[in-house]
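See below for query_9.tsv, which holds TSV, N, CA and C atoms.
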```
chain	number	residue	atom	x	y	z
A	1355	MET	N	0.84	-1.17	0.00
A	1355	MET	CA	0.00	0.00	0.00
A	1355	MET	C	0.89	1.25	0.00
A	1356	ALA	N	0.51	2.21	-0.80
A	1356	ALA	CA	1.30	3.43	-0.91
A	1356	ALA	C	1.04	4.35	0.28
A	1357	THR	N	2.13	4.88	0.82
A	1357	THR	CA	2.03	5.83	1.92
A	1357	THR	C	2.31	7.21	1.37
A	1358	PRO	N	1.37	8.15	1.50
A	1358	PRO	CA	1.62	9.50	0.98
A	1358	PRO	C	2.89	10.09	1.59
A	1359	VAL	N	3.63	10.81	0.79
A	1359	VAL	CA	4.89	11.40	1.22
A	1359	VAL	C	4.65	12.83	1.66
A	1360	ARG	N	4.90	13.09	2.94
A	1360	ARG	CA	4.85	14.46	3.44
A	1360	ARG	C	6.10	15.17	2.94
A	1361	GLY	N	5.96	16.41	2.63
A	1361	GLY	CA	7.12	17.17	2.16
A	1361	GLY	C	7.34	17.08	0.67
A	1362	ALA	N	6.47	16.40	-0.05
A	1362	ALA	CA	6.64	16.32	-1.51
A	1362	ALA	C	6.53	17.71	-2.12
A	1363	GLY	N	5.66	18.54	-1.56
A	1363	GLY	CA	5.52	19.91	-2.07
A	1363	GLY	C	6.77	20.73	-1.83
A	1364	VAL	N	7.41	20.50	-0.69
A	1364	VAL	CA	8.66	21.22	-0.38
A	1364	VAL	C	9.76	20.79	-1.36
A	1365	LEU	N	9.82	19.49	-1.64
A	1365	LEU	CA	10.80	19.00	-2.59
A	1365	LEU	C	10.51	19.54	-3.98
A	1366	ALA	N	9.24	19.63	-4.35
A	1366	ALA	CA	8.87	20.22	-5.64
A	1366	ALA	C	9.34	21.67	-5.71
A	1367	ALA	N	9.16	22.40	-4.63
A	1367	ALA	CA	9.62	23.79	-4.59
A	1367	ALA	C	11.14	23.86	-4.72
A	1368	ALA	N	11.84	22.92	-4.11
A	1368	ALA	CA	13.30	22.89	-4.23
A	1368	ALA	C	13.71	22.66	-5.69
A	1369	TYR	N	12.98	21.77	-6.37
A	1369	TYR	CA	13.29	21.53	-7.78
A	1369	TYR	C	12.97	22.76	-8.63
A	1370	LEU	N	11.96	23.52	-8.24
A	1370	LEU	CA	11.65	24.75	-8.97
A	1370	LEU	C	12.82	25.74	-8.93
A	1371	THR	N	13.59	25.69	-7.84
A	1371	THR	CA	14.72	26.61	-7.75
A	1371	THR	C	15.77	26.33	-8.82
A	1372	LEU	N	15.76	25.11	-9.39
A	1372	LEU	CA	16.68	24.81	-10.48
A	1372	LEU	C	16.44	25.72	-11.68
A	1373	LEU	N	15.19	26.18	-11.82
A	1373	LEU	CA	14.90	27.08	-12.93
A	1373	LEU	C	15.69	28.37	-12.80
A	1374	GLY	N	16.02	28.75	-11.58
A	1374	GLY	CA	16.86	29.93	-11.35
A	1374	GLY	C	18.23	29.76	-11.97
A	1375	ALA	N	18.79	28.55	-11.89
A	1375	ALA	CA	20.10	28.29	-12.49
A	1375	ALA	C	20.01	28.42	-14.01
A	1376	SER	N	18.95	27.89	-14.59
A	1376	SER	CA	18.77	28.01	-16.04
A	1376	SER	C	18.63	29.47	-16.44
A	1377	PHE	N	17.85	30.21	-15.67
A	1377	PHE	CA	17.66	31.62	-15.97
A	1377	PHE	C	18.99	32.38	-15.87
A	1378	ALA	N	19.77	32.08	-14.84
A	1378	ALA	CA	21.05	32.76	-14.65
A	1378	ALA	C	21.99	32.48	-15.83
A	1379	ILE	N	22.00	31.26	-16.30
A	1379	ILE	CA	22.86	30.90	-17.44
A	1379	ILE	C	22.40	31.62	-18.70
A	1380	LEU	N	21.10	31.57	-18.96
A	1380	LEU	CA	20.58	32.15	-20.20
A	1380	LEU	C	20.56	33.67	-20.17
A	1381	SER	N	20.46	34.27	-18.98
A	1381	SER	CA	20.41	35.72	-18.89
A	1381	SER	C	21.74	36.37	-19.30
A	1382	ARG	N	22.79	35.60	-19.28
A	1382	ARG	CA	24.09	36.13	-19.72
A	1382	ARG	C	24.25	36.05	-21.24
A	1383	ARG	N	23.23	35.55	-21.90
A	1383	ARG	CA	23.20	35.45	-23.37
A	1383	ARG	C	24.47	34.81	-23.93
A	1384	PRO	N	24.60	33.51	-23.70
A	1384	PRO	CA	25.80	32.82	-24.20
A	1384	PRO	C	25.93	32.98	-25.72
A	1385	ASP	N	27.15	33.09	-26.18
A	1385	ASP	CA	27.44	33.23	-27.61
A	1385	ASP	C	27.23	31.89	-28.31
A	1386	LEU	N	26.19	31.80	-29.11
A	1386	LEU	CA	25.85	30.54	-29.77
A	1386	LEU	C	26.80	30.20	-30.92
A	1387	THR	N	27.68	31.10	-31.26
A	1387	THR	CA	28.65	30.79	-32.32
A	1387	THR	C	29.84	30.02	-31.77
A	1388	THR	N	29.90	29.84	-30.44
A	1388	THR	CA	30.99	29.08	-29.84
A	1388	THR	C	30.47	27.77	-29.27
A	1389	ARG	N	31.34	26.82	-29.19
A	1389	ARG	CA	30.97	25.52	-28.62
A	1389	ARG	C	30.55	25.68	-27.16
A	1390	THR	N	31.30	26.48	-26.41
A	1390	THR	CA	30.98	26.70	-25.00
A	1390	THR	C	29.60	27.33	-24.84
A	1391	GLY	N	29.29	28.32	-25.68
A	1391	GLY	CA	27.98	28.96	-25.63
A	1391	GLY	C	26.84	27.99	-25.90
A	1392	ARG	N	27.02	27.15	-26.91
A	1392	ARG	CA	25.99	26.16	-27.22
A	1392	ARG	C	25.84	25.14	-26.09
A	1393	HIS	N	26.95	24.76	-25.48
A	1393	HIS	CA	26.89	23.82	-24.35
A	1393	HIS	C	26.20	24.46	-23.14
A	1394	LEU	N	26.44	25.74	-22.92
A	1394	LEU	CA	25.75	26.43	-21.83
A	1394	LEU	C	24.24	26.44	-22.04
A	1395	VAL	N	23.82	26.75	-23.27
A	1395	VAL	CA	22.38	26.76	-23.57
A	1395	VAL	C	21.80	25.35	-23.43
A	1396	ALA	N	22.50	24.35	-23.94
A	1396	ALA	CA	22.01	22.97	-23.81
A	1396	ALA	C	21.89	22.57	-22.35
A	1397	GLY	N	22.90	22.92	-21.55
A	1397	GLY	CA	22.84	22.60	-20.12
A	1397	GLY	C	21.70	23.31	-19.43
A	1398	ALA	N	21.50	24.58	-19.75
A	1398	ALA	CA	20.41	25.35	-19.13
A	1398	ALA	C	19.05	24.76	-19.50
A	1399	LEU	N	18.87	24.39	-20.75
A	1399	LEU	CA	17.60	23.79	-21.17
A	1399	LEU	C	17.41	22.41	-20.55
A	1400	GLY	N	18.50	21.65	-20.43
A	1400	GLY	CA	18.42	20.33	-19.78
A	1400	GLY	C	18.03	20.45	-18.32
A	1401	ILE	N	18.61	21.42	-17.62
A	1401	ILE	CA	18.27	21.64	-16.21
A	1401	ILE	C	16.80	22.06	-16.09
A	1402	ALA	N	16.35	22.93	-16.98
A	1402	ALA	CA	14.95	23.38	-16.94
A	1402	ALA	C	14.00	22.20	-17.19
A	1403	ALA	N	14.32	21.36	-18.17
A	1403	ALA	CA	13.48	20.20	-18.45
A	1403	ALA	C	13.44	19.25	-17.25
A	1404	LEU	N	14.59	19.02	-16.64
A	1404	LEU	CA	14.66	18.16	-15.46
A	1404	LEU	C	13.81	18.74	-14.33
A	1405	ALA	N	13.90	20.04	-14.12
A	1405	ALA	CA	13.13	20.68	-13.06
A	1405	ALA	C	11.63	20.49	-13.26
A	1406	VAL	N	11.17	20.68	-14.48
A	1406	VAL	CA	9.73	20.54	-14.77
A	1406	VAL	C	9.28	19.10	-14.53
A	1407	VAL	N	10.05	18.14	-15.02
A	1407	VAL	CA	9.68	16.72	-14.83
A	1407	VAL	C	9.68	16.36	-13.35
A	1408	GLU	N	10.67	16.82	-12.60
A	1408	GLU	CA	10.74	16.50	-11.18
A	1408	GLU	C	9.61	17.15	-10.39
A	1409	VAL	N	9.23	18.36	-10.76
A	1409	VAL	CA	8.08	18.99	-10.09
A	1409	VAL	C	6.84	18.15	-10.32
A	1410	LEU	N	6.65	17.66	-11.53
A	1410	LEU	CA	5.48	16.80	-11.82
A	1410	LEU	C	5.55	15.49	-11.04
A	1411	VAL	N	6.74	14.90	-10.95
A	1411	VAL	CA	6.90	13.65	-10.16
A	1411	VAL	C	6.55	13.92	-8.70
A	1412	CYS	N	7.04	15.03	-8.17
A	1412	CYS	CA	6.76	15.36	-6.76
A	1412	CYS	C	5.30	15.69	-6.53
A	1413	ALA	N	4.68	16.37	-7.48
A	1413	ALA	CA	3.30	16.85	-7.30
A	1413	ALA	C	2.27	15.74	-7.42
A	1414	ILE	N	2.56	14.70	-8.18
A	1414	ILE	CA	1.52	13.68	-8.40
A	1414	ILE	C	1.91	12.34	-7.78
A	1415	PRO	N	2.80	11.55	-8.40
A	1415	PRO	CA	3.04	10.20	-7.84
A	1415	PRO	C	3.75	10.20	-6.49
A	1416	LEU	N	4.70	11.11	-6.28
A	1416	LEU	CA	5.40	11.13	-5.00
A	1416	LEU	C	4.45	11.52	-3.88
A	1417	ARG	N	3.62	12.51	-4.11
A	1417	ARG	CA	2.66	12.95	-3.09
A	1417	ARG	C	1.68	11.82	-2.74
A	1418	ARG	N	1.36	11.00	-3.72
A	1418	ARG	CA	0.48	9.84	-3.47
A	1418	ARG	C	1.21	8.72	-2.74
A	1419	GLY	N	2.53	8.74	-2.78
A	1419	GLY	CA	3.31	7.72	-2.09
A	1419	GLY	C	3.74	6.56	-2.96
A	1420	GLU	N	3.69	6.73	-4.27
A	1420	GLU	CA	4.13	5.65	-5.16
A	1420	GLU	C	5.63	5.44	-4.98
A	1421	ARG	N	5.99	4.19	-4.73
A	1421	ARG	CA	7.37	3.88	-4.37
A	1421	ARG	C	8.39	4.27	-5.44
A	1422	TRP	N	8.08	4.04	-6.71
A	1422	TRP	CA	9.01	4.36	-7.78
A	1422	TRP	C	9.31	5.85	-7.82
A	1423	ALA	N	8.35	6.68	-7.41
A	1423	ALA	CA	8.53	8.13	-7.48
A	1423	ALA	C	9.57	8.61	-6.47
A	1424	ARG	N	9.73	7.90	-5.36
A	1424	ARG	CA	10.76	8.28	-4.40
A	1424	ARG	C	12.13	8.20	-5.04
A	1425	TRP	N	12.36	7.15	-5.80
A	1425	TRP	CA	13.66	6.98	-6.43
A	1425	TRP	C	13.81	7.91	-7.63
A	1426	ALA	N	12.72	8.13	-8.35
A	1426	ALA	CA	12.77	9.07	-9.48
A	1426	ALA	C	13.08	10.49	-9.00
A	1427	ALA	N	12.59	10.83	-7.82
A	1427	ALA	CA	12.86	12.15	-7.26
A	1427	ALA	C	14.29	12.25	-6.73
A	1428	ALA	N	14.90	11.11	-6.41
A	1428	ALA	CA	16.25	11.12	-5.84
A	1428	ALA	C	17.36	11.09	-6.89
A	1429	VAL	N	17.09	10.59	-8.07
A	1429	VAL	CA	18.13	10.45	-9.10
A	1429	VAL	C	18.85	11.77	-9.38
A	1430	PRO	N	18.14	12.89	-9.58
A	1430	PRO	CA	18.86	14.14	-9.86
A	1430	PRO	C	19.75	14.59	-8.70
A	1431	LEU	N	19.43	14.18	-7.51
A	1431	LEU	CA	20.27	14.51	-6.36
A	1431	LEU	C	21.68	13.98	-6.57
A	1432	PHE	N	21.78	12.73	-7.01
A	1432	PHE	CA	23.08	12.09	-7.16
A	1432	PHE	C	23.77	12.42	-8.48
A	1433	LEU	N	22.99	12.68	-9.53
A	1433	LEU	CA	23.59	12.95	-10.83
A	1433	LEU	C	23.81	14.43	-11.12
A	1434	LEU	N	23.13	15.31	-10.39
A	1434	LEU	CA	23.25	16.74	-10.64
A	1434	LEU	C	23.52	17.52	-9.36
A	1435	GLY	N	22.69	17.32	-8.35
A	1435	GLY	CA	22.76	18.14	-7.14
A	1435	GLY	C	24.08	18.06	-6.40
A	1436	ILE	N	24.47	16.87	-6.00
A	1436	ILE	CA	25.70	16.71	-5.22
A	1436	ILE	C	26.94	17.07	-6.04
A	1437	PRO	N	27.06	16.59	-7.30
A	1437	PRO	CA	28.25	16.97	-8.07
A	1437	PRO	C	28.40	18.49	-8.29
A	1438	ILE	N	27.30	19.18	-8.59
A	1438	ILE	CA	27.38	20.63	-8.81
A	1438	ILE	C	27.66	21.34	-7.49
A	1439	PHE	N	27.10	20.85	-6.39
A	1439	PHE	CA	27.39	21.44	-5.09
A	1439	PHE	C	28.88	21.37	-4.78
A	1440	VAL	N	29.48	20.21	-5.05
A	1440	VAL	CA	30.91	20.03	-4.79
A	1440	VAL	C	31.74	20.93	-5.71
A	1441	ILE	N	31.37	21.01	-6.98
A	1441	ILE	CA	32.10	21.87	-7.92
A	1441	ILE	C	32.00	23.32	-7.49
A	1442	ASP	N	30.79	23.77	-7.14
A	1442	ASP	CA	30.63	25.16	-6.70
A	1442	ASP	C	31.36	25.44	-5.40
A	1443	ALA	N	31.36	24.48	-4.49
A	1443	ALA	CA	32.08	24.67	-3.23
A	1443	ALA	C	33.57	24.85	-3.48
A	1444	ARG	N	34.06	24.18	-4.48
A	1444	ARG	CA	35.49	24.25	-4.79
A	1444	ARG	C	35.86	25.47	-5.62
A	1445	TYR	N	35.00	25.84	-6.60
A	1445	TYR	CA	35.42	26.83	-7.58
A	1445	TYR	C	34.64	28.14	-7.58
A	1446	ALA	N	33.54	28.25	-6.86
A	1446	ALA	CA	32.79	29.52	-6.84
A	1446	ALA	C	33.64	30.60	-6.18
A	1447	PRO	N	33.54	31.83	-6.67
A	1447	PRO	CA	34.31	32.91	-6.04
A	1447	PRO	C	33.93	33.05	-4.57
A	1448	ALA	N	34.91	33.37	-3.75
A	1448	ALA	CA	34.70	33.44	-2.30
A	1448	ALA	C	33.61	34.44	-1.93
A	1449	HIS	N	33.51	35.55	-2.63
A	1449	HIS	CA	32.52	36.57	-2.27
A	1449	HIS	C	31.09	36.18	-2.62
A	1450	THR	N	30.88	35.17	-3.44
A	1450	THR	CA	29.52	34.72	-3.76
A	1450	THR	C	29.26	33.28	-3.30
A	1451	ARG	N	30.21	32.69	-2.61
A	1451	ARG	CA	30.10	31.27	-2.27
A	1451	ARG	C	28.87	30.96	-1.41
A	1452	VAL	N	28.59	31.75	-0.39
A	1452	VAL	CA	27.44	31.48	0.48
A	1452	VAL	C	26.14	31.60	-0.30
A	1453	ALA	N	26.00	32.66	-1.10
A	1453	ALA	CA	24.78	32.85	-1.89
A	1453	ALA	C	24.62	31.74	-2.92
A	1454	THR	N	25.72	31.20	-3.40
A	1454	THR	CA	25.67	30.11	-4.37
A	1454	THR	C	25.33	28.78	-3.70
A	1455	LEU	N	25.96	28.52	-2.56
A	1455	LEU	CA	25.84	27.19	-1.94
A	1455	LEU	C	24.62	27.02	-1.04
A	1456	LEU	N	24.12	28.09	-0.43
A	1456	LEU	CA	23.01	27.94	0.51
A	1456	LEU	C	21.77	27.32	-0.12
A	1457	PRO	N	21.25	27.84	-1.26
A	1457	PRO	CA	20.07	27.20	-1.84
A	1457	PRO	C	20.34	25.77	-2.29
A	1458	GLN	N	21.53	25.54	-2.84
A	1458	GLN	CA	21.87	24.19	-3.26
A	1458	GLN	C	21.94	23.25	-2.07
A	1459	GLY	N	22.55	23.72	-0.99
A	1459	GLY	CA	22.68	22.90	0.21
A	1459	GLY	C	21.33	22.51	0.79
A	1460	ILE	N	20.40	23.45	0.78
A	1460	ILE	CA	19.05	23.15	1.28
A	1460	ILE	C	18.39	22.08	0.41
A	1461	ALA	N	18.49	22.23	-0.90
A	1461	ALA	CA	17.89	21.24	-1.81
A	1461	ALA	C	18.55	19.87	-1.65
A	1462	VAL	N	19.87	19.84	-1.53
A	1462	VAL	CA	20.58	18.57	-1.33
A	1462	VAL	C	20.16	17.93	-0.01
A	1463	LEU	N	20.02	18.73	1.03
A	1463	LEU	CA	19.60	18.22	2.33
A	1463	LEU	C	18.22	17.58	2.25
A	1464	PHE	N	17.25	18.26	1.61
A	1464	PHE	CA	15.92	17.68	1.45
A	1464	PHE	C	15.99	16.37	0.66
A	1465	GLY	N	16.79	16.35	-0.37
A	1465	GLY	CA	16.93	15.13	-1.17
A	1465	GLY	C	17.51	13.98	-0.36
A	1466	LEU	N	18.54	14.27	0.43
A	1466	LEU	CA	19.15	13.23	1.26
A	1466	LEU	C	18.18	12.72	2.31
A	1467	ILE	N	17.38	13.62	2.88
A	1467	ILE	CA	16.36	13.19	3.86
A	1467	ILE	C	15.36	12.25	3.18
A	1468	LEU	N	14.93	12.58	1.97
A	1468	LEU	CA	14.00	11.72	1.23
A	1468	LEU	C	14.61	10.33	1.02
A	1469	VAL	N	15.86	10.28	0.62
A	1469	VAL	CA	16.52	9.00	0.38
A	1469	VAL	C	16.63	8.20	1.67
A	1470	ILE	N	17.04	8.84	2.75
A	1470	ILE	CA	17.20	8.15	4.04
A	1470	ILE	C	15.86	7.61	4.53
A	1471	VAL	N	14.81	8.42	4.46
A	1471	VAL	CA	13.49	7.98	4.89
A	1471	VAL	C	13.00	6.83	4.02
A	1472	SER	N	13.22	6.93	2.72
A	1472	SER	CA	12.80	5.86	1.81
A	1472	SER	C	13.53	4.55	2.11
A	1473	LEU	N	14.83	4.64	2.36
A	1473	LEU	CA	15.59	3.43	2.70
A	1473	LEU	C	15.11	2.84	4.02
A	1474	ALA	N	14.86	3.69	5.01
A	1474	ALA	CA	14.38	3.22	6.30
A	1474	ALA	C	13.04	2.49	6.15
A	1475	GLN	N	12.13	3.08	5.38
A	1475	GLN	CA	10.83	2.45	5.17
A	1475	GLN	C	10.96	1.13	4.41
A	1476	TYR	N	11.88	1.09	3.45
A	1476	TYR	CA	12.11	-0.14	2.69
A	1476	TYR	C	12.57	-1.26	3.62
A	1477	PHE	N	13.55	-0.97	4.46
A	1477	PHE	CA	14.08	-2.00	5.35
A	1477	PHE	C	13.09	-2.36	6.45
A	1478	GLU	N	12.26	-1.42	6.90
A	1478	GLU	CA	11.21	-1.74	7.88
A	1478	GLU	C	10.21	-2.72	7.29
A	1479	ARG	N	9.80	-2.46	6.05
A	1479	ARG	CA	8.84	-3.36	5.37
A	1479	ARG	C	9.46	-4.72	5.17
A	1480	ARG	N	10.73	-4.74	4.82
A	1480	ARG	CA	11.41	-6.00	4.57
A	1480	ARG	C	11.52	-6.83	5.84
A	1481	GLU	N	11.84	-6.18	6.94
A	1481	GLU	CA	11.94	-6.88	8.23
A	1481	GLU	C	10.56	-7.36	8.69
A	1482	GLY	N	9.53	-6.56	8.43
A	1482	GLY	CA	8.17	-6.90	8.82
A	1482	GLY	C	7.61	-8.08	8.06
A	1483	SER	N	8.09	-8.32	6.84
A	1483	SER	CA	7.57	-9.40	6.02
A	1483	SER	C	8.23	-10.73	6.31
A	1484	ARG	N	9.24	-10.75	7.17
A	1484	ARG	CA	9.94	-12.00	7.49
A	1484	ARG	C	9.21	-12.79	8.51
```
Kindly present the structure from the file in structure tokens form.
Amino acid sequence: MATPVRGAGVLAAAYLTLLGASFAILSRRPDLTTRTGRHLVAGALGIAALAVVEVLVCAIPLRRGERWARWAAAVPLFLLGIPIFVIDARYAPAHTRVATLLPQGIAVLFGLILVIVSLAQYFERREGSR
């Protein structure tokens, strides 16, 4: 039986903040005549697409408690959130580091909490079925 996930709306809001990263990249108007510019636009559009899909996952199946949605909501944490957080922690200018890392850190924290709670529930169910 599916258990509704509390905090799915908060996680959806955290994913919405990814749109800010896309906006920041595109607002600098990357030069599309260069490879780097085209890669920046592709990355920004990819992040925006991911954000929209994740908001939908959080708003519908995750909120209902569908088990697959917990893992679908966690994948970007490991493939995008944590790696970018580490890169920004290492390379962001010192004067903007807190403003850069604080929103990311909050989103990563929510994602890690979701993963930990999901693993705990998985192992509780597994122990209960023995």
Next item on the list: Calculate how many Å separate CA of Leu1456 in chain A from CA of Ile1436 in chain A, rounding to one decimal.
Entry: 12.9 Å
Notebook entry, point to check: What is the distance between atom C of Ala1427 in chain A and atom N of Val1471 in chain A, in Å to one decimal?
Noted result: 11.8 Å
Where is the centre and how long are the edges: axis-aligned box on range 1394-1397 of chain A, 3 Å on each side, Å to one decimal, as JSON:
```
{"center_x": 24.1, "center_y": 24.7, "center_z": -21.7, "size_x": 10.7, "size_y": 10.2, "size_z": 10.5}
```
Margin query: Counting all atoms listed in the file, which residue out of A:Thr1388, A:Val1409, A:Leu1473, A:Glu1478 sits closest to Leu1370 in chain A?
Written below: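 Closest to Leu1370 in chain A of all the choices is A:Val1409.
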Check: Between A:Phe1377, A:Pro1457, A:Val1411, A:Ala1367, which has the minimum distance to Arg1424 in chain A (counting only N, CA and C atoms)?
Finding: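 The closest residue to Arg1424 in chain A is A:Val1411.
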Margin query: To one decimal place in Å, what is the distance between CA of Ser1381 in chain A and atom C of His1393 in chain A?
Written below: 13.4 Å
Margin query: From the options A:Val1395, A:Arg1389, A:Ile1414, A:Ala1403, which residue's atoms come nearest to Leu1373 in chain A, counting only N, CA and C atoms?
Written below: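 Among A:Val1395, A:Arg1389, A:Ile1414, A:Ala1403, it is A:Ala1403 that comes nearest to Leu1373 in chain A.
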Notebook entry, point to check: Got a sec: who's within 12 Å of Val1440 in chain A, counting only C-alpha atoms, leaving out chain neighbours fewer than 2 positions off, as a ChimeraX atom specification?
Noted result: /A:1432-1438,1442-1446,1451,1454-1455,1458-1459,1462
Note to self: When you count only N, CA and C atoms, which of these residues is closest to Cys1412 in chain A: A:Leu1463, A:Ala1362, A:Ala1448, A:Leu1468?
What the structure shows: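 Closest to Cys1412 in chain A of all the choices is A:Ala1362.
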Margin query: I'd like to know which of A:Leu1466, A:Leu1372, A:Ala1461, A:Val1452 is closest to Val1406 in chain A, using all atoms listed in the file.
Written below: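 Comparing A:Leu1466, A:Leu1372, A:Ala1461, A:Val1452 against Val1406 in chain A, the winner is A:Leu1372.
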Starting from the incomplete input, reconstruct N, CA, C and O atoms of range 1420-1432 of chain A and write that as a PDB file, in the coordinates of the input.
```pdb
ATOM      1  N   GLU A1420       3.690   6.730  -4.270  1.00  0.00           N
ATOM      2  CA  GLU A1420       4.130   5.650  -5.160  1.00  0.00           C
ATOM      3  C   GLU A1420       5.630   5.440  -4.980  1.00  0.00           C
ATOM      4  O   GLU A1420       6.413   6.380  -5.037  1.00  0.00           O
ATOM      5  N   ARG A1421       5.990   4.190  -4.730  1.00  0.00           N
ATOM      6  CA  ARG A1421       7.370   3.880  -4.370  1.00  0.00           C
ATOM      7  C   ARG A1421       8.390   4.270  -5.440  1.00  0.00           C
ATOM      8  O   ARG A1421       9.450   4.787  -5.145  1.00  0.00           O
ATOM      9  N   TRP A1422       8.080   4.040  -6.710  1.00  0.00           N
ATOM     10  CA  TRP A1422       9.010   4.360  -7.780  1.00  0.00           C
ATOM     11  C   TRP A1422       9.310   5.850  -7.820  1.00  0.00           C
ATOM     12  O   TRP A1422      10.410   6.256  -8.199  1.00  0.00           O
ATOM     13  N   ALA A1423       8.350   6.680  -7.410  1.00  0.00           N
ATOM     14  CA  ALA A1423       8.530   8.130  -7.480  1.00  0.00           C
ATOM     15  C   ALA A1423       9.570   8.610  -6.470  1.00  0.00           C
ATOM     16  O   ALA A1423      10.234   9.622  -6.705  1.00  0.00           O
ATOM     17  N   ARG A1424       9.730   7.900  -5.360  1.00  0.00           N
ATOM     18  CA  ARG A1424      10.760   8.280  -4.400  1.00  0.00           C
ATOM     19  C   ARG A1424      12.130   8.200  -5.040  1.00  0.00           C
ATOM     20  O   ARG A1424      12.968   9.072  -4.853  1.00  0.00           O
ATOM     21  N   TRP A1425      12.360   7.150  -5.800  1.00  0.00           N
ATOM     22  CA  TRP A1425      13.660   6.980  -6.430  1.00  0.00           C
ATOM     23  C   TRP A1425      13.810   7.910  -7.630  1.00  0.00           C
ATOM     24  O   TRP A1425      14.896   8.423  -7.878  1.00  0.00           O
ATOM     25  N   ALA A1426      12.720   8.130  -8.350  1.00  0.00           N
ATOM     26  CA  ALA A1426      12.770   9.070  -9.480  1.00  0.00           C
ATOM     27  C   ALA A1426      13.080  10.490  -9.000  1.00  0.00           C
ATOM     28  O   ALA A1426      13.760  11.249  -9.678  1.00  0.00           O
ATOM     29  N   ALA A1427      12.590  10.830  -7.820  1.00  0.00           N
ATOM     30  CA  ALA A1427      12.860  12.150  -7.260  1.00  0.00           C
ATOM     31  C   ALA A1427      14.290  12.250  -6.730  1.00  0.00           C
ATOM     32  O   ALA A1427      14.847  13.337  -6.650  1.00  0.00           O
ATOM     33  N   ALA A1428      14.900  11.110  -6.410  1.00  0.00           N
ATOM     34  CA  ALA A1428      16.250  11.120  -5.840  1.00  0.00           C
ATOM     35  C   ALA A1428      17.360  11.090  -6.890  1.00  0.00           C
ATOM     36  O   ALA A1428      18.468  11.542  -6.608  1.00  0.00           O
ATOM     37  N   VAL A1429      17.090  10.590  -8.070  1.00  0.00           N
ATOM     38  CA  VAL A1429      18.130  10.450  -9.100  1.00  0.00           C
ATOM     39  C   VAL A1429      18.850  11.770  -9.380  1.00  0.00           C
ATOM     40  O   VAL A1429      20.083  11.810  -9.391  1.00  0.00           O
ATOM     41  N   PRO A1430      18.140  12.890  -9.580  1.00  0.00           N
ATOM     42  CA  PRO A1430      18.860  14.140  -9.860  1.00  0.00           C
ATOM     43  C   PRO A1430      19.750  14.590  -8.700  1.00  0.00           C
ATOM     44  O   PRO A1430      20.736  15.291  -8.928  1.00  0.00           O
ATOM     45  N   LEU A1431      19.430  14.180  -7.510  1.00  0.00           N
ATOM     46  CA  LEU A1431      20.270  14.510  -6.360  1.00  0.00           C
ATOM     47  C   LEU A1431      21.680  13.980  -6.570  1.00  0.00           C
ATOM     48  O   LEU A1431      22.669  14.680  -6.360  1.00  0.00           O
ATOM     49  N   PHE A1432      21.780  12.730  -7.010  1.00  0.00           N
ATOM     50  CA  PHE A1432      23.080  12.090  -7.160  1.00  0.00           C
ATOM     51  C   PHE A1432      23.770  12.420  -8.480  1.00  0.00           C
ATOM     52  O   PHE A1432      24.992  12.430  -8.549  1.00  0.00           O
TER      53      PHE A1432
END
```
